[in-house]
$ cat structure26.cif   # mmCIF, C-alpha atoms
data_query
loop_
_atom_site.group_PDB
_atom_site.id
_atom_site.type_symbol
_atom_site.label_atom_id
_atom_site.label_comp_id
_atom_site.auth_asym_id
_atom_site.auth_seq_id
_atom_site.Cartn_x
_atom_site.Cartn_y
_atom_site.Cartn_z
ATOM 1 C CA MET A 1 90.943 2.714 -18.214
ATOM 2 C CA THR A 2 87.622 1.056 -18.792
ATOM 3 C CA MET A 3 84.335 2.259 -17.418
ATOM 4 C CA SER A 4 81.691 -0.295 -16.868
ATOM 5 C CA SER A 5 78.351 0.958 -18.085
ATOM 6 C CA ARG A 6 75.619 -0.473 -15.936
ATOM 7 C CA LEU A 7 72.101 -0.269 -17.266
ATOM 8 C CA PRO A 8 69.261 0.286 -14.818
ATOM 9 C CA GLU A 9 67.138 -2.722 -14.010
ATOM 10 C CA PRO A 10 63.856 -2.897 -15.888
ATOM 11 C CA TYR A 11 60.753 -1.949 -13.940
ATOM 12 C CA GLY A 12 58.926 -4.804 -12.322
ATOM 13 C CA GLN A 13 62.049 -6.554 -11.130
ATOM 14 C CA GLY A 14 63.329 -6.370 -7.601
ATOM 15 C CA GLY A 15 59.921 -6.538 -5.890
ATOM 16 C CA GLY A 16 58.571 -3.173 -7.061
ATOM 17 C CA ALA A 17 55.101 -2.878 -8.511
ATOM 18 C CA ASN A 18 54.927 -1.934 -12.154
ATOM 19 C CA LEU A 19 52.435 0.436 -13.719
ATOM 20 C CA ALA A 20 50.168 -2.362 -14.951
ATOM 21 C CA ASP A 21 49.871 -3.803 -11.428
ATOM 22 C CA ILE A 22 49.077 -0.406 -9.942
ATOM 23 C CA LEU A 23 46.497 0.346 -12.638
ATOM 24 C CA GLU A 24 44.879 -3.061 -12.134
ATOM 25 C CA ARG A 25 44.588 -2.441 -8.390
ATOM 26 C CA VAL A 26 43.151 1.053 -8.859
ATOM 27 C CA LEU A 27 40.564 -0.116 -11.395
ATOM 28 C CA ASP A 28 39.641 -3.140 -9.276
ATOM 29 C CA LYS A 29 39.150 -1.204 -6.042
ATOM 30 C CA GLY A 30 38.329 2.250 -7.371
ATOM 31 C CA VAL A 31 39.641 5.622 -6.264
ATOM 32 C CA VAL A 32 37.565 8.643 -5.279
ATOM 33 C CA ILE A 33 39.040 12.120 -5.343
ATOM 34 C CA ALA A 34 36.821 14.859 -3.900
ATOM 35 C CA GLY A 35 37.341 18.565 -3.502
ATOM 36 C CA ASP A 36 35.457 21.829 -3.154
ATOM 37 C CA ILE A 37 36.407 25.251 -4.432
ATOM 38 C CA ARG A 38 34.734 28.244 -2.816
ATOM 39 C CA ILE A 39 35.197 31.858 -3.811
ATOM 40 C CA ASN A 40 34.152 34.396 -1.190
ATOM 41 C CA LEU A 41 34.282 38.173 -1.249
ATOM 42 C CA LEU A 42 33.821 39.950 2.088
ATOM 43 C CA ASP A 43 32.226 36.837 3.609
ATOM 44 C CA ILE A 44 29.768 36.581 0.705
ATOM 45 C CA GLU A 45 29.934 33.304 -1.142
ATOM 46 C CA LEU A 46 30.150 34.057 -4.847
ATOM 47 C CA LEU A 47 30.875 30.640 -6.291
ATOM 48 C CA THR A 48 31.089 27.058 -5.113
ATOM 49 C CA ILE A 49 32.406 24.287 -7.319
ATOM 50 C CA LYS A 50 32.243 20.710 -6.108
ATOM 51 C CA LEU A 51 34.567 18.317 -7.869
ATOM 52 C CA ARG A 52 34.206 14.560 -7.621
ATOM 53 C CA LEU A 53 36.387 12.182 -9.612
ATOM 54 C CA ILE A 54 35.956 8.427 -9.561
ATOM 55 C CA VAL A 55 38.487 6.178 -11.256
ATOM 56 C CA ALA A 56 37.277 2.593 -11.501
ATOM 57 C CA SER A 57 36.649 -0.169 -13.986
ATOM 58 C CA VAL A 58 33.250 -0.365 -15.681
ATOM 59 C CA ASP A 59 32.394 -3.483 -13.674
ATOM 60 C CA LYS A 60 33.318 -1.805 -10.382
ATOM 61 C CA ALA A 61 31.370 1.342 -11.312
ATOM 62 C CA LYS A 62 28.263 -0.741 -12.119
ATOM 63 C CA GLU A 63 28.725 -2.577 -8.821
ATOM 64 C CA MET A 64 28.673 0.822 -7.076
ATOM 65 C CA GLY A 65 25.487 1.779 -8.960
ATOM 66 C CA ILE A 66 27.133 4.161 -11.416
ATOM 67 C CA ASP A 67 25.989 3.596 -14.994
ATOM 68 C CA TRP A 68 25.110 7.032 -16.384
ATOM 69 C CA TRP A 69 26.926 6.359 -19.663
ATOM 70 C CA GLU A 70 24.353 3.681 -20.551
ATOM 71 C CA SER A 71 21.554 6.268 -20.771
ATOM 72 C CA ASP A 72 23.556 9.070 -22.403
ATOM 73 C CA PRO A 73 22.765 9.197 -26.148
ATOM 74 C CA ALA A 74 26.185 10.695 -26.875
ATOM 75 C CA LEU A 75 27.924 7.663 -25.366
ATOM 76 C CA SER A 76 25.558 4.742 -25.968
ATOM 77 C CA SER A 77 24.115 3.569 -29.284
ATOM 78 C CA LYS A 78 21.254 1.844 -27.414
ATOM 79 C CA ALA A 79 20.351 5.088 -25.642
ATOM 80 C CA ARG A 80 20.537 6.917 -28.985
ATOM 81 C CA ARG A 81 18.131 4.397 -30.567
ATOM 82 C CA ASP A 82 15.788 4.683 -27.585
ATOM 83 C CA GLU A 83 15.820 8.471 -27.831
ATOM 84 C CA LEU A 84 15.104 8.352 -31.573
ATOM 85 C CA ALA A 85 12.255 5.871 -31.027
ATOM 86 C CA ARG A 86 10.743 8.136 -28.336
ATOM 87 C CA GLU A 87 11.062 11.192 -30.566
ATOM 88 C CA ASN A 88 9.531 9.273 -33.474
ATOM 89 C CA ALA A 89 6.562 8.202 -31.332
ATOM 90 C CA GLU A 90 6.026 11.794 -30.176
ATOM 91 C CA LEU A 91 6.105 13.075 -33.753
ATOM 92 C CA ARG A 92 3.651 10.397 -34.915
ATOM 93 C CA ALA A 93 1.241 11.299 -32.096
ATOM 94 C CA ARG A 94 1.558 14.981 -32.963
ATOM 95 C CA LEU A 95 0.936 14.285 -36.642
ATOM 96 C CA GLU A 96 -2.124 12.208 -35.781
ATOM 97 C CA ARG A 97 -3.541 15.060 -33.678
ATOM 98 C CA LEU A 98 -2.934 17.504 -36.534
ATOM 99 C CA GLU A 99 -4.604 15.176 -39.033
ATOM 100 C CA GLN A 100 -7.633 14.899 -36.761
ATOM 101 C CA LEU A 101 -7.896 18.703 -36.641
ATOM 102 C CA GLU A 102 -7.541 19.089 -40.413
ATOM 103 C CA PRO A 103 -11.050 17.846 -41.459
ATOM 104 C CA SER A 104 -12.737 20.228 -39.055
ATOM 105 C CA ARG A 105 -10.679 23.154 -40.422
ATOM 106 C CA ARG A 106 -11.684 22.286 -43.994
ATOM 107 C CA GLN A 107 -15.366 22.368 -43.055
ATOM 108 C CA GLU A 108 -14.918 25.791 -41.445
ATOM 109 C CA GLU A 109 -13.208 27.193 -44.557
ATOM 110 C CA THR A 110 -15.904 26.103 -47.057
ATOM 111 C CA PRO A 111 -18.893 28.508 -47.335
#

$ encode --input "structure26.cif" --output "structure tokens"
Amino acid sequence: MTMSSRLPEPYGQGGGANLADILERVLDKGVVIAGDIRINLLDIELLTIKLRLIVASVDKAKEMGIDWWESDPALSSKARRDELARENAELRARLERLEQLEPSRRQEETP
């Protein structure tokens, strides 16, 4: 007695969408998942957490006006350089102010 072993058809055949197609659609259109968590005790609101999750491609996010990662120094080397340049300029200005105060302090210290 022989048993025929039939292997399942690979995904993507038979008209079904495969994972790559679904992911491409989601990233192209974007998906928003929103939810709120509220904790109340005797009708007194103790805590509210608002959760918002957006799944989209970078291009779609920029199209929607979302580009926070471009100004976050932890995520963008350009933002990190800009932050260092700003900090450097602030330190130079502070040093210049201190150097301007120094001659007047020396005159006060001499008898």

$ atom_distance --input "structure26.cif" --atom1 "atom CA of Arg52 of chain A" --atom2 "atom CA of Ala74 of chain A"
21.2 Å

$ atom_distance --input "structure26.cif" --atom1 "atom CA of Val55 of chain A" --atom2 "atom CA of Lys29 of chain A"
9.1 Å

$ resolve_selection --input "structure26.cif" --expression "the PyMOL selection byres ((chain A and resi 53) around 10)" --output "list of chain:residue names"
A:Val31, A:Val32, A:Ile33, A:Ala34, A:Gly35, A:Leu51, A:Arg52, A:Ile54, A:Val55, A:Ala56

$ closest_residue --input "structure26.cif" --among "A:Glu102, A:Glu83, A:Glu63, A:Glu70" --to "Asp28 of chain A" --atoms "all atoms listed in the file"
A:Glu63

$ atom_distance --input "structure26.cif" --atom1 "atom CA of Ala61 of chain A" --atom2 "atom CA of Arg25 of chain A"
14.1 Å

$ residues_around --input "structure26.cif" --residues "Thr48 of chain A" --least-positions-apart "3" --cutoff "7 Å" --atoms "all atoms listed in the file" --output "VMD selection string"
chain A and resid 37 to 39

$ residues_around --input "structure26.cif" --residues "Ala79 of chain A" --least-positions-apart "6" --cutoff "9 Å" --atoms "only C-alpha atoms" --output "short mmCIF file (atom, residue, chain, number, x, y, z; two decimals) with C-alpha atoms, keeping the file's coordinate frame"
data_model
loop_
_atom_site.label_atom_id
_atom_site.label_comp_id
_atom_site.auth_asym_id
_atom_site.auth_seq_id
_atom_site.Cartn_x
_atom_site.Cartn_y
_atom_site.Cartn_z
CA TRP A 69 26.93 6.36 -19.66
CA GLU A 70 24.35 3.68 -20.55
CA SER A 71 21.55 6.27 -20.77
CA ASP A 72 23.56 9.07 -22.40
CA PRO A 73 22.76 9.20 -26.15
#
